[in-house]
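Structure record follows, encoded as structure tokens.
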Amino acid sequence: MSSALKSVSARMFKFPLRSAQTIAVLAVSQLIGWGTTFDMLGVMGRVVAPDLGLPNEVVFAGLTVMMVVSAIAGPATGRWLARFGAARVLAASSVTFATGLLMLAATHGVVLYAAAWIVIGLGGALGLSAPAYTAVVEREGLNGKRIIAILMLFTGLSATLFWPVLTLVTDAYGWRIAFIFSAALHIFVCLPLHLFALPKPAATHTQGTAADTPPIALSPRERRKAFLLLATSTTLGTFISFGIAPSLIEIFRQSGASPALALQLGSARGVIGISARGLDMLLGKRGNPILTSVMGISLMLVSFLMLLLCGTSTPLLVAFIVMYGFGSGVLAVARALLPLAFFSPREYGLQAARLSLPQNLANAIAPVIFTATLDRVGTGLTLTICAALAALALVFVFMLAGMVRSAKQLVPSQP
């Protein structure tokens, strides 16, 4: 047992210095990036709204604006990543985020408030998730899967860190100073890290042509098909997970849980999801994003069917949140890694940014659609829709797996 634990520990924590440096830089910038933008309204939205004389829903609509703008800017970001490299794009995001946050600090009405979230949305396209993962792939190639999984662990902790920090700053100095403080973090912490602390991309001096070599050989037609299947399956997955997450407490209440139990179960989802994200970190190079996708979607599908068909009880609700939370957490890792199963490391940034367009649009509209569905037709039909969409996503992932098997039969294994 002791030797097994040592082996796992070695796989988790033994990194070359440049890899550890990449993790440290991007973990800090992603924590700040998510914590001061997407997560921020969780504690500041209802403080800002009365001072601006705006309804809460208008203030929280800033997140929808952010996700829509990030989605629209996604394809352009992919081209910039391919042309300029991730470090410069991430540096641009730091300046863009700071600008948007300073606009929020200066806002006195809805026009400047909306404009600020448009700028923050552009910053999200330039700096959140896909560009950071591209920075990893530029430096690690196809071996960057475990580092991406580690970064996703940090991303999941951003609200845990920044909610109390922003609350303390807001209580002590007011919400405008909290926005200025957030902008300062981007300029004085993230910007120098992106410009000076990231290691040089490995593809420029060690990987050579390997950076241009995809893991499997596909014809142009097959590449288009693979991209469409990737886009459809990942968009369906994110539509379900982002759409249901804000409504989990209401689903539990409608299923008979007490308010206290519903809150406990809903809060447990985040912890379970973060635990699931650690799975690929432990697997390292042996992780398979297609298999991970199948597992994640299957767990979500089973959780929906179980709650839909088996009645409701406390043990059943606990089993549901464990399966749903673990499935959605695993699926988040797979969504980031799937492009590496079909495209070369040098293409990763372009393809991941292109995939972010439908994914971010789904993130923006899914909570509204599922909230309306739950309020108007109840839990039963909502879970039925979720199960149907999960089953459809699973079919598309199986089609992707079939493409990989066919390609591997045609291409000799590389030594």
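Ligands are numbered from 1 in the order shown, chains are lettered A, B, ... in the order of the structure tokens, and residues start at 1 in each chain.
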**Report entry** Distance query region 88-104 of chain A at most 10 Å, only C-alpha atoms, self and fewer than 4 positions along chain excluded, as a ChimeraX atom specification
**Finding:** /A:26,29,32-33,36-37,48,77-78,80-84,108-109,112-128,131-132,135,175-196
Can you spit out the residues from that selection as a tab-separated table (two decimals), in the first residue's frame, using C-alpha atoms?
chain	number	residue	atom	x	y	z
A	26	LEU	CA	-1.52	30.20	-15.21
A	29	SER	CA	-3.94	34.32	-13.55
A	32	ILE	CA	-7.81	36.09	-10.67
A	33	GLY	CA	-9.44	36.04	-14.12
A	36	THR	CA	-12.86	39.00	-10.52
A	37	THR	CA	-15.22	38.61	-13.49
A	48	VAL	CA	-24.20	47.17	-6.88
A	77	THR	CA	-9.20	34.77	-30.57
A	78	GLY	CA	-8.23	31.47	-32.18
A	80	TRP	CA	-4.78	35.64	-32.72
A	81	LEU	CA	-3.52	32.68	-30.70
A	82	ALA	CA	-2.18	31.04	-33.85
A	83	ARG	CA	-0.55	34.29	-35.03
A	84	PHE	CA	0.78	35.91	-31.85
A	108	HIS	CA	-23.59	55.34	-12.71
A	109	GLY	CA	-26.14	53.87	-15.12
A	112	LEU	CA	-21.75	52.27	-19.08
A	113	TYR	CA	-22.54	49.17	-17.03
A	114	ALA	CA	-23.45	47.22	-20.18
A	115	ALA	CA	-20.44	48.60	-22.05
A	116	ALA	CA	-18.17	47.45	-19.23
A	117	TRP	CA	-19.45	43.89	-19.51
A	118	ILE	CA	-18.91	43.96	-23.27
A	119	VAL	CA	-15.25	44.82	-22.61
A	120	ILE	CA	-15.03	42.14	-19.90
A	121	GLY	CA	-16.56	39.64	-22.35
A	122	LEU	CA	-13.78	40.40	-24.82
A	123	GLY	CA	-11.30	39.91	-22.00
A	124	GLY	CA	-12.89	36.53	-21.28
A	125	ALA	CA	-12.36	35.43	-24.87
A	126	LEU	CA	-8.72	36.52	-24.68
A	127	GLY	CA	-7.90	35.19	-21.24
A	128	LEU	CA	-10.18	32.51	-19.80
A	131	PRO	CA	-6.13	30.69	-24.22
A	132	ALA	CA	-4.67	29.37	-20.95
A	135	ALA	CA	-0.42	28.26	-23.42
A	175	TRP	CA	-17.86	48.27	-4.24
A	176	ARG	CA	-16.18	50.81	-6.51
A	177	ILE	CA	-12.86	50.32	-4.70
A	178	ALA	CA	-13.40	46.55	-4.97
A	179	PHE	CA	-13.58	46.90	-8.76
A	180	ILE	CA	-10.47	49.11	-8.77
A	181	PHE	CA	-8.69	46.54	-6.58
A	182	SER	CA	-9.68	43.81	-9.06
A	183	ALA	CA	-8.39	45.86	-12.00
A	184	ALA	CA	-5.10	46.41	-10.16
A	185	LEU	CA	-4.66	42.65	-9.78
A	186	HIS	CA	-4.86	42.25	-13.55
A	187	ILE	CA	-2.36	45.04	-14.26
A	188	PHE	CA	0.16	44.46	-11.47
A	189	VAL	CA	-0.07	40.66	-11.07
A	190	CYS	CA	-1.45	38.99	-14.20
A	191	LEU	CA	0.11	41.24	-16.86
A	192	PRO	CA	3.72	40.81	-15.65
A	193	LEU	CA	3.16	37.08	-15.19
A	194	HIS	CA	1.91	36.68	-18.76
A	195	LEU	CA	4.65	38.83	-20.29
A	196	PHE	CA	7.68	37.75	-18.28
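Distances to Ser70 (chain A) were evaluated for A:Pro315, A:Pro214, A:Pro358, A:Gly266 using only C-alpha atoms, and the minimum falls at A:Pro358.
You can rank A:Leu317, A:Leu198, A:Met66, A:Leu17 by their closest distance to Gln254 (chain A) using only C-alpha atoms, and at the top of that list sits A:Leu317.
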Query raised in the report: So how many Å separate CA of Gly141 (chain A) and CA of Gly327 (chain A), to one decimal?
Result: 26.5 Å
Requested in this report: Quick one: pull the distance between CA of Phe154 (chain A) and CA of Arg269 (chain A), Å, one decimal.
Outcome: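 Interatomic distance, CA of Phe154 (chain A) to CA of Arg269 (chain A): 15.9 Å.
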Query raised in the report: Leaving out Pro199 (chain A) and any residue of its chain fewer than 6 positions from it, which residues lie within 8 Å of it when counting only C-alpha atoms, given as a list in words?
Result: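 In the requested format, the answer is Arg18, Gln21, Thr22 and Arg139 of chain A.
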Okay, now the selection with N, CA, C and O atoms, as a PDB file, in the first residue's frame?
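Contents of part-v7.pdb, freshly written:
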ATOM      1  N   ARG A  18      10.103  23.889 -15.675  1.00  0.00           N
ATOM      2  CA  ARG A  18       9.333  24.731 -16.585  1.00  0.00           C
ATOM      3  C   ARG A  18       7.846  24.401 -16.526  1.00  0.00           C
ATOM      4  O   ARG A  18       7.007  25.287 -16.643  1.00  0.00           O
ATOM      5  N   GLN A  21       6.507  25.949 -13.401  1.00  0.00           N
ATOM      6  CA  GLN A  21       6.400  27.394 -13.602  1.00  0.00           C
ATOM      7  C   GLN A  21       5.163  27.734 -14.417  1.00  0.00           C
ATOM      8  O   GLN A  21       4.440  28.697 -14.111  1.00  0.00           O
ATOM      9  N   THR A  22       4.884  26.947 -15.447  1.00  0.00           N
ATOM     10  CA  THR A  22       3.676  27.153 -16.256  1.00  0.00           C
ATOM     11  C   THR A  22       2.425  27.014 -15.405  1.00  0.00           C
ATOM     12  O   THR A  22       1.501  27.835 -15.487  1.00  0.00           O
ATOM     13  N   ARG A 139       3.597  24.819 -24.621  1.00  0.00           N
ATOM     14  CA  ARG A 139       4.793  24.518 -23.843  1.00  0.00           C
ATOM     15  C   ARG A 139       4.971  23.030 -23.557  1.00  0.00           C
ATOM     16  O   ARG A 139       6.087  22.593 -23.267  1.00  0.00           O
TER      17      ARG A 139
END
